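Peer 1: Sharing structure.txt (compact mmCIF, C-alpha atoms) below.
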# COMPACT_ATOMS: atom_id res chain seq x y z
CA MET A 7 29.74 -48.40 -21.84
CA LYS A 8 29.27 -48.99 -18.12
CA LYS A 9 31.46 -45.97 -17.34
CA ILE A 10 29.35 -43.82 -19.66
CA ALA A 11 26.19 -44.99 -17.86
CA ILE A 12 27.74 -44.11 -14.49
CA ILE A 13 28.87 -40.68 -15.68
CA PHE A 14 25.48 -40.07 -17.29
CA GLY A 15 23.61 -41.03 -14.08
CA LEU A 16 25.82 -38.86 -11.91
CA SER A 17 25.58 -35.94 -14.35
CA ILE A 18 21.77 -36.05 -14.39
CA THR A 19 21.66 -36.11 -10.57
CA PHE A 20 24.21 -33.30 -10.38
CA ILE A 21 22.31 -31.12 -12.87
CA ALA A 22 19.04 -31.75 -11.03
CA THR A 23 20.64 -30.71 -7.73
CA ILE A 24 22.17 -27.56 -9.22
CA THR A 25 18.80 -26.69 -10.84
CA ILE A 26 17.03 -27.03 -7.49
CA MET A 27 19.69 -24.84 -5.84
CA ILE A 28 19.40 -22.12 -8.51
CA TRP A 29 15.61 -22.21 -8.24
CA ALA A 30 15.82 -21.90 -4.44
CA ILE A 31 18.17 -18.92 -4.69
CA ASN A 32 16.18 -17.09 -7.37
CA LYS A 33 12.61 -17.65 -6.21
CA ASP A 34 12.63 -14.57 -3.92
CA ARG A 35 13.89 -12.18 -6.57
CA VAL A 36 11.63 -9.32 -7.68
CA ARG A 37 9.95 -9.19 -11.10
CA GLU A 38 12.01 -7.61 -13.78
CA ASN A 39 11.19 -4.21 -15.25
CA SER A 40 10.13 -4.44 -18.86
CA ILE A 41 8.08 -2.84 -21.59
CA ASN A 42 6.06 -5.12 -23.83
CA VAL A 43 5.62 -3.54 -27.26
CA ASP A 44 3.06 -4.51 -29.87
CA VAL A 45 2.58 -2.37 -32.94
CA VAL A 46 0.93 -2.19 -36.34
CA PRO A 47 2.66 -2.18 -38.82
CA LYS A 48 4.98 -4.82 -37.43
CA ASP A 49 8.00 -3.42 -39.26
CA ALA A 50 7.74 0.01 -37.61
CA HIS A 51 10.89 1.25 -35.87
CA ILE A 52 10.85 0.97 -32.08
CA VAL A 53 13.16 3.32 -30.19
CA ILE A 54 13.40 3.25 -26.40
CA ASP A 55 15.40 6.01 -24.71
CA GLY A 56 17.11 6.74 -28.04
CA LYS A 57 18.20 3.15 -28.60
CA ASP A 58 16.72 0.43 -30.82
CA GLY A 59 13.96 -1.53 -29.13
CA LYS A 60 12.09 -4.57 -30.34
CA LEU A 61 8.62 -6.06 -30.62
CA GLY A 62 7.68 -7.98 -27.49
CA VAL A 63 9.47 -7.76 -24.16
CA ASN A 64 12.20 -5.13 -23.70
CA SER A 65 14.01 -5.53 -20.35
CA LEU A 66 14.94 -2.16 -18.86
CA SER A 67 15.93 -0.53 -15.61
CA LYS A 68 13.52 0.83 -13.00
CA GLY A 69 12.40 4.40 -13.72
CA LYS A 70 11.08 6.59 -16.51
CA HIS A 71 11.51 5.62 -20.19
CA GLU A 72 10.56 7.17 -23.50
CA VAL A 73 9.16 4.94 -26.24
CA LEU A 74 9.08 6.19 -29.85
CA ILE A 75 7.47 4.12 -32.60
CA TRP A 76 7.72 5.40 -36.17
CA LYS A 77 7.47 4.44 -39.81
CA ASP A 78 7.51 6.57 -42.94
CA GLY A 79 3.99 7.44 -44.04
CA PHE A 80 2.52 6.99 -40.55
CA VAL A 81 2.07 9.35 -37.58
CA SER A 82 4.69 8.54 -34.92
CA HIS A 83 3.65 7.26 -31.50
CA ILE A 84 5.48 8.66 -28.44
CA GLU A 85 4.78 7.40 -24.93
CA SER A 86 6.44 7.92 -21.56
CA VAL A 87 6.28 5.02 -19.11
CA THR A 88 7.56 4.60 -15.58
CA LEU A 89 8.70 1.14 -14.50
CA ASN A 90 8.60 0.14 -10.85
CA ASN A 91 9.24 -3.62 -10.75
CA ASN A 92 6.49 -4.22 -13.29
CA VAL A 93 5.70 -4.88 -16.94
CA ILE A 94 4.02 -2.15 -18.96
CA ASN A 95 2.34 -2.76 -22.31
CA VAL A 96 2.76 -0.24 -25.08
CA TYR A 97 0.29 -0.83 -27.89
CA ALA A 98 0.32 1.36 -30.99
CA GLY A 99 -1.69 1.23 -34.18
CA LEU A 100 0.12 3.86 -36.27
CA VAL A 101 -2.22 6.21 -38.14
CA PRO A 102 -1.41 6.41 -41.89
CA TYR A 103 -1.21 9.71 -43.75
CA THR A 104 0.32 8.93 -47.15
CA LYS A 105 -1.63 7.29 -49.97
CA GLU A 106 0.46 4.11 -49.78
CA ALA A 107 0.18 3.90 -46.02
CA ILE A 108 -3.60 4.42 -46.12
CA GLU A 109 -3.86 1.67 -48.70
CA TRP A 110 -1.70 -0.61 -46.56
CA SER A 111 -3.83 0.00 -43.46
CA LYS A 112 -7.03 -0.79 -45.40
CA ASN A 113 -5.55 -4.12 -46.43
CA ASN A 114 -4.45 -4.91 -42.87
CA GLN A 115 -7.52 -3.88 -40.92
CA ASN A 116 -7.41 -7.12 -38.90
CA ASP A 117 -4.08 -6.10 -37.37
CA TYR A 118 -5.54 -2.72 -36.35
CA ASP A 119 -8.58 -4.46 -34.84
CA ARG A 120 -6.29 -6.70 -32.80
CA ILE A 121 -4.31 -3.70 -31.42
CA GLU A 122 -7.57 -1.89 -30.67
CA ALA A 123 -8.81 -4.91 -28.70
CA LEU A 124 -5.56 -4.99 -26.70
CA THR A 125 -5.79 -1.24 -26.00
CA SER A 126 -9.41 -1.56 -24.95
CA GLU A 127 -8.50 -4.42 -22.59
CA GLN A 128 -5.74 -2.25 -21.13
CA LEU A 129 -8.16 0.67 -20.61
CA THR A 130 -10.56 -1.64 -18.74
CA GLU A 131 -7.64 -2.65 -16.53
CA SER A 132 -6.84 1.06 -15.96
CA GLY A 133 -10.46 1.66 -14.93
CA GLU A 134 -10.21 -1.23 -12.50
CA GLN A 135 -6.95 0.19 -11.14
CA PHE A 136 -8.65 3.59 -10.66
CA ALA A 137 -11.50 1.93 -8.76
CA GLN A 138 -8.93 0.08 -6.65
CA LYS A 139 -7.11 3.32 -5.85
CA TYR A 140 -10.32 5.19 -5.08
CA PRO A 141 -12.82 2.50 -4.00
CA ILE A 142 -15.42 5.15 -3.10
CA THR A 143 -15.96 5.78 -6.83
CA LYS A 144 -17.69 2.38 -7.07
CA HIS A 145 -20.47 3.79 -4.87
CA LEU A 146 -20.80 7.18 -6.57
CA PRO A 147 -22.84 9.10 -7.38
CA TYR A 148 -24.98 8.51 -4.30
CA LYS A 149 -28.11 10.49 -3.64
CA ASN A 150 -30.98 10.42 -1.18
CA LEU A 151 -33.57 12.93 0.03
CA PHE A 152 -31.15 14.73 2.35
CA MET A 153 -27.75 14.71 0.70
CA SER A 154 -25.72 13.64 -2.29
CA ILE A 155 -22.15 12.37 -2.62
CA ASP A 156 -20.19 12.53 -5.86
CA TYR A 157 -16.62 13.12 -6.93
CA ARG A 158 -14.66 15.34 -9.28
CA LEU A 159 -11.38 14.48 -10.99
CA ASN A 160 -8.53 16.89 -10.28
CA SER A 161 -5.84 17.89 -12.77
CA ASP A 162 -3.28 15.66 -10.99
CA SER A 163 -5.63 12.65 -11.48
CA SER A 164 -6.57 12.61 -7.80
CA ILE A 165 -10.21 12.95 -6.80
CA THR A 166 -12.15 15.24 -4.49
CA VAL A 167 -15.33 13.85 -2.97
CA GLU A 168 -18.17 16.34 -3.05
CA VAL A 169 -20.82 16.20 -0.34
CA ARG A 170 -23.91 18.34 -0.89
CA ALA A 171 -26.11 18.69 2.17
CA ASP A 172 -27.90 21.63 3.73
CA SER A 173 -27.56 20.82 7.41
CA SER A 174 -24.89 19.62 9.82
CA THR A 175 -26.99 16.51 10.52
CA ASP A 176 -27.07 15.60 6.83
CA ARG A 177 -23.33 16.21 6.41
CA ALA A 178 -22.67 13.94 9.39
CA TYR A 179 -25.02 11.40 7.77
CA ALA A 180 -22.97 11.56 4.57
CA VAL A 181 -19.76 10.86 6.49
CA ARG A 182 -21.49 7.95 8.25
CA GLN A 183 -22.58 6.62 4.85
CA ILE A 184 -18.94 6.59 3.68
CA ILE A 185 -17.96 4.68 6.84
CA ASN A 186 -20.86 2.26 6.25
CA TRP A 187 -19.39 1.46 2.83
CA GLY A 188 -16.40 0.17 4.76
CA LEU A 189 -14.24 3.14 3.76
CA ASN A 190 -12.12 5.53 5.78
CA PRO A 191 -13.33 9.11 5.11
CA GLY A 192 -9.87 10.37 6.07
CA ASP A 193 -8.47 8.74 2.92
CA TYR A 194 -10.35 11.25 0.79
CA ASP A 195 -10.24 14.97 0.22
CA ILE A 196 -13.87 15.80 0.98
CA ASP A 197 -15.40 19.09 -0.10
CA PHE A 198 -18.55 19.84 1.88
CA ILE A 199 -20.36 22.14 -0.54
CA ASN A 200 -22.54 24.74 1.28
CA PHE A 201 -20.50 24.37 4.48
CA LYS A 202 -18.64 27.37 5.87
CA ASN A 203 -16.29 26.35 8.67
CA PRO A 204 -16.83 28.76 11.61
CA LEU A 205 -13.20 28.21 12.63
CA GLY A 206 -11.78 29.34 9.27
CA THR A 207 -10.53 27.82 6.04
CA LYS A 208 -7.46 25.74 5.31
CA MET B 15 27.08 -53.69 -14.84
CA ASN B 16 28.03 -55.49 -11.67
CA ARG B 17 26.29 -55.07 -8.33
CA SER B 18 29.04 -52.98 -6.66
CA LYS B 19 28.93 -50.37 -9.39
CA ILE B 20 25.15 -50.10 -9.18
CA ILE B 21 25.48 -49.60 -5.43
CA ILE B 22 28.13 -46.90 -5.98
CA ILE B 23 25.84 -45.09 -8.44
CA LEU B 24 22.90 -45.35 -6.07
CA LEU B 25 24.95 -44.15 -3.11
CA ALA B 26 26.41 -41.28 -5.10
CA SER B 27 22.94 -40.31 -6.29
CA LEU B 28 21.56 -40.51 -2.76
CA LEU B 29 24.47 -38.45 -1.49
CA LEU B 30 23.84 -35.73 -4.06
CA ILE B 31 20.09 -35.76 -3.40
CA GLY B 32 20.86 -35.64 0.32
CA LEU B 33 23.20 -32.69 -0.20
CA GLY B 34 20.52 -30.97 -2.28
CA GLY B 35 17.96 -31.61 0.45
CA LEU B 36 20.35 -30.31 3.10
CA PHE B 37 20.99 -27.22 1.01
CA LEU B 38 17.23 -26.65 0.61
CA TYR B 39 16.70 -27.14 4.35
CA LEU B 40 19.49 -24.74 5.31
CA THR B 41 18.34 -22.07 2.84
CA SER B 42 14.74 -22.38 4.09
CA PHE B 43 15.69 -20.34 7.17
CA GLY B 44 16.11 -16.59 7.33
CA GLN B 45 17.14 -14.06 9.92
CA LEU B 46 14.69 -11.81 11.73
CA ASP B 47 16.12 -8.82 13.60
CA ILE B 48 13.79 -7.49 16.28
CA THR B 49 14.47 -4.03 17.64
CA TYR B 50 12.62 -1.87 20.15
CA LYS B 51 12.31 1.77 19.20
CA ASP B 52 12.47 2.65 22.88
CA SER B 53 15.26 0.56 24.38
CA GLY B 54 13.64 0.70 27.82
CA THR B 55 10.48 -1.10 26.64
CA LYS B 56 9.64 -4.18 28.71
CA ILE B 57 7.26 -6.37 26.74
CA THR B 58 6.80 -9.96 25.63
CA LEU B 59 6.65 -10.70 21.90
CA ASP B 60 4.85 -13.62 20.29
CA ILE B 61 5.60 -14.57 16.69
CA TYR B 62 2.74 -16.18 14.78
CA GLN B 63 2.54 -17.59 11.29
CA SER B 64 0.66 -15.12 9.13
CA GLY B 65 -2.91 -15.96 8.17
CA LYS B 66 -3.69 -17.88 11.35
CA ASP B 67 -6.03 -16.71 14.07
CA PHE B 68 -4.10 -15.62 17.19
CA ASN B 69 -6.68 -17.26 19.42
CA ASP B 70 -6.51 -20.63 17.66
CA SER B 71 -2.79 -20.94 17.09
CA LYS B 72 0.17 -21.04 19.41
CA PRO B 73 3.05 -18.66 18.75
CA ILE B 74 5.94 -20.37 17.02
CA LYS B 75 8.35 -18.32 19.12
CA THR B 76 8.16 -16.08 22.17
CA THR B 77 10.81 -13.61 23.25
CA ASP B 78 11.20 -11.01 25.99
CA ALA B 79 14.08 -9.06 24.50
CA PRO B 80 15.14 -7.58 21.18
CA GLY B 81 17.70 -9.45 19.09
CA SER B 82 18.14 -11.70 16.08
CA ILE B 83 16.39 -15.02 15.61
CA ARG B 84 16.57 -17.64 12.87
CA ILE B 85 13.21 -18.66 11.57
CA LYS B 86 11.75 -20.47 8.55
CA LYS B 87 11.25 -18.16 5.56
CA GLY B 88 7.68 -16.98 5.28
CA ASP B 89 5.15 -14.41 6.42
CA TYR B 90 4.75 -13.76 10.13
CA ILE B 91 2.97 -11.49 12.56
CA VAL B 92 5.03 -10.20 15.47
CA LYS B 93 2.62 -9.35 18.29
CA SER B 94 3.53 -7.63 21.52
CA ARG B 95 1.51 -8.59 24.58
CA GLU B 96 -0.50 -5.92 26.34
CA ASN B 97 0.60 -5.02 29.86
CA GLU B 98 0.04 -2.21 32.39
CA GLU B 99 2.37 0.08 30.52
CA TYR B 100 1.87 -0.79 26.84
CA ALA B 101 -0.94 -1.67 24.45
CA SER B 102 -0.66 -4.65 22.16
CA GLN B 103 0.93 -4.10 18.76
CA SER B 104 0.98 -6.40 15.75
CA LYS B 105 3.40 -6.03 12.87
CA PRO B 106 3.58 -8.15 9.72
CA VAL B 107 7.02 -9.22 8.55
CA THR B 108 8.28 -11.33 5.67
CA VAL B 109 11.38 -13.38 6.35
CA GLY B 110 13.32 -14.05 3.15
CA SER B 111 16.87 -14.65 1.96
CA LYS B 112 18.12 -11.33 3.33
CA PRO B 113 17.80 -10.46 7.04
CA SER B 114 14.41 -8.89 7.81
CA GLN B 115 13.91 -6.16 10.37
CA VAL B 116 10.94 -5.40 12.54
CA SER B 117 10.86 -2.45 14.91
CA ILE B 118 8.48 -2.72 17.83
CA ASP B 119 7.06 0.48 19.19
CA PRO B 120 3.81 -0.16 21.05
CA ASP B 121 1.53 2.67 22.16
CA TYR B 122 0.93 3.26 25.83
CA SER B 123 -1.96 1.30 27.34
CA SER B 124 -5.35 3.02 27.51
CA LYS B 125 -5.11 3.03 31.31
CA LYS B 126 -1.79 4.87 31.23
CA LEU B 127 -3.06 7.29 28.56
CA ASP B 128 -6.19 8.07 30.62
CA ASN B 129 -3.99 8.91 33.61
CA LEU B 130 -1.72 11.09 31.47
CA LEU B 131 -4.72 12.93 30.01
CA LYS B 132 -5.79 14.06 33.48
CA ASN B 133 -2.42 15.78 33.89
CA GLU B 134 -2.30 17.25 30.37
CA LEU B 135 -5.90 18.40 29.89
CA LEU B 136 -5.46 21.91 31.29
CA SER B 137 -2.43 22.54 29.11
CA ILE B 138 -4.19 21.15 26.02
CA LYS B 139 -7.31 23.27 26.51
CA ARG B 140 -5.19 26.37 27.10
CA SER B 141 -3.47 25.83 23.73
CA ILE B 142 -6.78 25.24 21.96
CA PHE B 143 -8.43 28.34 23.43
CA THR B 144 -5.39 30.45 22.57
CA ALA B 145 -5.52 29.27 18.94
CA TYR B 146 -9.32 29.44 18.64
CA PRO B 147 -10.90 31.58 21.42
CA VAL B 148 -14.38 30.96 19.96
CA ILE B 149 -14.13 27.27 20.90
CA GLU B 150 -14.39 28.13 24.61
CA SER B 151 -17.79 29.76 24.14
CA ASP B 152 -19.28 27.96 21.14
CA TYR B 153 -18.13 24.34 21.48
CA SER B 154 -17.94 21.58 24.02
CA PHE B 155 -15.38 18.77 24.03
CA SER B 156 -16.36 15.16 23.43
CA LYS B 157 -14.41 11.89 23.03
CA MET B 158 -11.17 13.47 24.23
CA SER B 159 -8.28 11.01 23.97
CA LEU B 160 -4.57 10.93 24.35
CA LEU B 161 -3.00 8.55 21.84
CA LYS B 162 0.27 6.85 20.91
CA LYS B 163 2.74 7.65 23.71
CA GLY B 164 0.67 10.46 25.15
CA ASP B 165 2.02 12.88 22.54
CA TRP B 166 -1.11 13.01 20.37
CA PHE B 167 -4.52 14.34 21.38
CA SER B 168 -7.81 14.18 19.51
CA THR B 169 -11.27 15.44 20.30
CA LEU B 170 -14.64 16.21 18.82
CA LEU B 171 -15.79 19.80 19.08
CA VAL B 172 -19.58 19.75 19.44
CA SER B 173 -21.24 23.03 18.56
CA LYS B 174 -23.49 24.62 21.20
CA LYS B 175 -25.14 26.81 18.57
CA SER B 176 -28.09 26.15 16.31
CA THR B 177 -26.71 27.88 13.23
CA PRO B 178 -26.57 26.30 9.74
CA ASN B 179 -22.85 25.53 10.10
CA ASN B 180 -22.97 24.00 13.56
CA ASP B 181 -21.22 20.79 12.48
CA THR B 182 -19.23 18.70 14.90
CA LEU B 183 -15.57 19.34 14.10
CA ARG B 184 -12.51 17.18 14.67
CA LEU B 185 -9.30 18.49 16.19
CA VAL B 186 -5.89 16.86 16.52
CA ALA B 187 -3.04 18.33 18.57
CA GLN B 188 0.53 17.19 19.16
CA LYS B 189 2.81 17.75 22.13
CA GLN B 190 6.00 19.34 20.83
CA GLY B 191 8.44 19.78 23.67
CA ASN B 192 6.27 20.98 26.53
CA THR B 193 3.74 22.73 24.30
CA TRP B 194 0.58 21.41 22.73
CA VAL B 195 0.31 22.48 19.08
CA ILE B 196 -2.94 22.34 17.11
CA ILE B 197 -2.17 20.40 13.92
CA THR B 198 -5.59 20.48 12.25
CA ARG B 199 -5.89 24.11 11.32
CA PRO B 200 -8.73 24.61 11.21
CA PRO B 201 -10.52 21.71 12.92
CA ALA B 202 -12.70 20.05 10.27
CA ILE B 203 -15.67 17.72 9.78
CA VAL B 204 -13.27 15.07 8.44
CA ILE B 205 -9.50 15.05 8.89
CA ASN B 206 -7.84 14.29 5.57
CA ALA B 207 -4.78 12.04 5.83
CA ALA B 208 -3.16 13.46 2.69
CA GLN B 209 -3.48 17.00 4.02
CA TYR B 210 -2.00 16.17 7.41
CA LYS B 211 0.79 13.72 6.63
CA SER B 212 2.45 14.29 10.01
CA ILE B 213 -0.51 12.83 11.88
CA PRO B 214 -0.21 9.04 12.37
CA SER B 215 -2.81 7.20 10.30
CA ASP B 216 -4.34 5.44 13.32
CA VAL B 217 -4.91 8.81 15.02
CA ILE B 218 -6.77 10.03 11.91
CA THR B 219 -8.78 6.83 11.57
CA ASN B 220 -9.70 6.94 15.25
CA ILE B 221 -10.98 10.53 15.28
CA ASN B 222 -12.80 10.27 11.93
CA SER B 223 -14.70 7.21 13.08
CA GLN B 224 -15.99 8.90 16.26
Output the structure of this file as structure tokens.
Peer 2:
Amino acid sequence: MKKIAIIFGLSITFIATITIMIWAINKDRVRENSINVDVVPKDAHIVIDGKDGKLGVNSLSKGKHEVLIWKDGFVSHIESVTLNNNVINVYAGLVPYTKEAIEWSKNNQNDYDRIEALTSEQLTESGEQFAQKYPITKHLPYKNLFMSIDYRLNSDSSITVEVRADSSTDRAYAVRQIINWGLNPGDYDIDFINFKNPLGTK
Amino acid sequence: MNRSKIIIILLASLLLIGLGGLFLYLTSFGQLDITYKDSGTKITLDIYQSGKDFNDSKPIKTTDAPGSIRIKKGDYIVKSRENEEYASQSKPVTVGSKPSQVSIDPDYSSKKLDNLLKNELLSIKRSIFTAYPVIESDYSFSKMSLLKKGDWFSTLLVSKKSTPNNDTLRLVAQKQGNTWVIITRPPAIVINAAQYKSIPSDVITNINSQ
């Protein structure tokens, strides 16, 4: 009995020490790459890069992945995601097209509402990410008596800042305004509408 | 259980805890490799804990030469001291389980750059006027600066005309070999960093804020 107590005490201490060591070694490791899948209906097939995936967290390698979610009677959902030491959520509420599927979706509207709420939350996060990437958009459109500053979205999802002013003084004022917002004008592609550069075009 | 056995258990436990503590202490240090981009650089480096004001805190280490040092894992700022030859430079570095590297490459001091500009100005202007002859007649130079190691030049071009497009333009040139090359073609109201990726970001920030 005494021997068991001794072995037990030593084992506990040993396990605790090993746990601390493992924690110390692993604490600097980067976050794993994974795709978190949530879908309605729950029994839909999840295929990632041609292989069976699952509801919840799917651990994958860094890089581009193709997610296919399908179920008979519903329109399939296909999404490409790129992992870069992060977790990406893929939410899909499959749209029904057969009579049975439509009936099923009517009876499970709560599940669709839940997915919609998750998607909406994700879109809000995307909007916040966009504002983080292009902080000037938080201030735009800006207009006063002499000039206006706005932006347009390019096909590659980048933005071009548009400055409309009639004089060199007002254009300089617009640049100063951007600096006053605490931003670096050089970070943006700025199109000075109405300005013709006397030294040529790019 | 008799007393001797209890003591053995306690000692064994303390030994294991001590070994664990020793392991934690030893793994709390990492290696920081400091290199100078220009091996002839003579500067003093101070290493500060990140997040602390330089003026209020003492450096945790000071070194006059490149090399490897062992230091507690964490975030640091490696700051080179300003001298006659070089400006100060601060670089953040995270020391972790794997050896971390920081390469120090301070710019020349403003005094040295001002002296270099006097020698280079004629050559710079000649290159600008060759590329854009109209600048000689229609613009004047303002805020001319040599930057980095005297290999970058920036200036404002202030229009002498009173036409609708008489905006002040920004120009950046780079010394390539013995020739000054205009990089911002054409000079523009704002220099866009994405458009001119070869221009160092601090050169762009500096000229755009003038």
Peer 1: Residues of chain B within 6 Å of chain A, counting all atoms listed in the file - could you list those as a PyMOL selection string?
Peer 2: chain B and resi 34+181+200+205-207
Peer 1: What's the 12 Å shell around Ser102 in chain B, counting all atoms listed in the file, without same-chain residues fewer than 6 positions away, as a PDB file with C-alpha atoms, keeping the file's coordinate frame?
Peer 2:
ATOM      1  CA  ILE B  57       7.260  -6.370  26.740  1.00  0.00           C
ATOM      2  CA  THR B  58       6.800  -9.960  25.630  1.00  0.00           C
ATOM      3  CA  LEU B  59       6.650 -10.700  21.900  1.00  0.00           C
ATOM      4  CA  ASP B  60       4.850 -13.620  20.290  1.00  0.00           C
ATOM      5  CA  VAL B  92       5.030 -10.200  15.470  1.00  0.00           C
ATOM      6  CA  LYS B  93       2.620  -9.350  18.290  1.00  0.00           C
ATOM      7  CA  SER B  94       3.530  -7.630  21.520  1.00  0.00           C
ATOM      8  CA  ARG B  95       1.510  -8.590  24.580  1.00  0.00           C
ATOM      9  CA  GLU B  96      -0.500  -5.920  26.340  1.00  0.00           C
ATOM     10  CA  ILE B 118       8.480  -2.720  17.830  1.00  0.00           C
ATOM     11  CA  ASP B 119       7.060   0.480  19.190  1.00  0.00           C
ATOM     12  CA  PRO B 120       3.810  -0.160  21.050  1.00  0.00           C
ATOM     13  CA  ASP B 121       1.530   2.670  22.160  1.00  0.00           C
ATOM     14  CA  TYR B 122       0.930   3.260  25.830  1.00  0.00           C
ATOM     15  CA  SER B 123      -1.960   1.300  27.340  1.00  0.00           C
ATOM     16  CA  SER B 124      -5.350   3.020  27.510  1.00  0.00           C
ATOM     17  CA  LYS B 162       0.270   6.850  20.910  1.00  0.00           C
TER      18      LYS B 162
END
Peer 1: Pick out the residues sitting within 10 Å of Lys149 in chain A, and hand them over as a list in words; count all atoms listed in the file, and ignore anything fewer than 6 positions along from it in its own chain.
Peer 2: Ile155, Asp156, Val169, Arg170 and Ala180 of chain A
Peer 1: Find the distance between CA of Ser141 in chain B and CA of Ile221 in chain B and write it in Å to one decimal.
Peer 2: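 Calculated distance between CA of Ser141 in chain B and CA of Ile221 in chain B is 19.0 Å.
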Peer 1: When you look at Ser154 in chain B with a cut-off of 12 Å (counting all atoms listed in the file), what residues show up, excluding the ones that are within fewer than 4 positions of it in the same chain? I need them as a list in words.
Peer 2: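 Everything that qualifies: Lys139, Ile142, Phe143, Val148, Ile149, Glu150, Met158, Thr169, Leu170, Leu171, Val172, Ser173, Lys174, Lys175, Asn180, Thr182, Leu183 and Arg184 of chain B.
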Peer 1: Which residue, B:Val109, B:Ile138, B:Leu29, B:Leu130, has the smallest gap to Lys189 in chain B when you use all atoms listed in the file?
Peer 2: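 With all atoms listed in the file as the atom set, the closest residue is B:Ile138.
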Peer 1: So the first atom is CA of Pro178 in chain B and the second is CA of Ala208 in chain B; what is the distance between them in Å, to one decimal place?
Peer 2: 27.6 Å
Peer 1: What does the distance from CA of Ser163 in chain A to CA of Gly69 in chain A come to in Å, to one decimal?
Peer 2: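 Answer for the CA of Ser163 in chain A to CA of Gly69 in chain A separation: 20.0 Å.
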Peer 1: Near Ile121 in chain A, within 9 Å and counting only C-alpha atoms, which residues show up once chain neighbours fewer than 2 positions away are dropped, as a ChimeraX atom specification?
Peer 2: /A:44-46,97-99,116-119,123-126
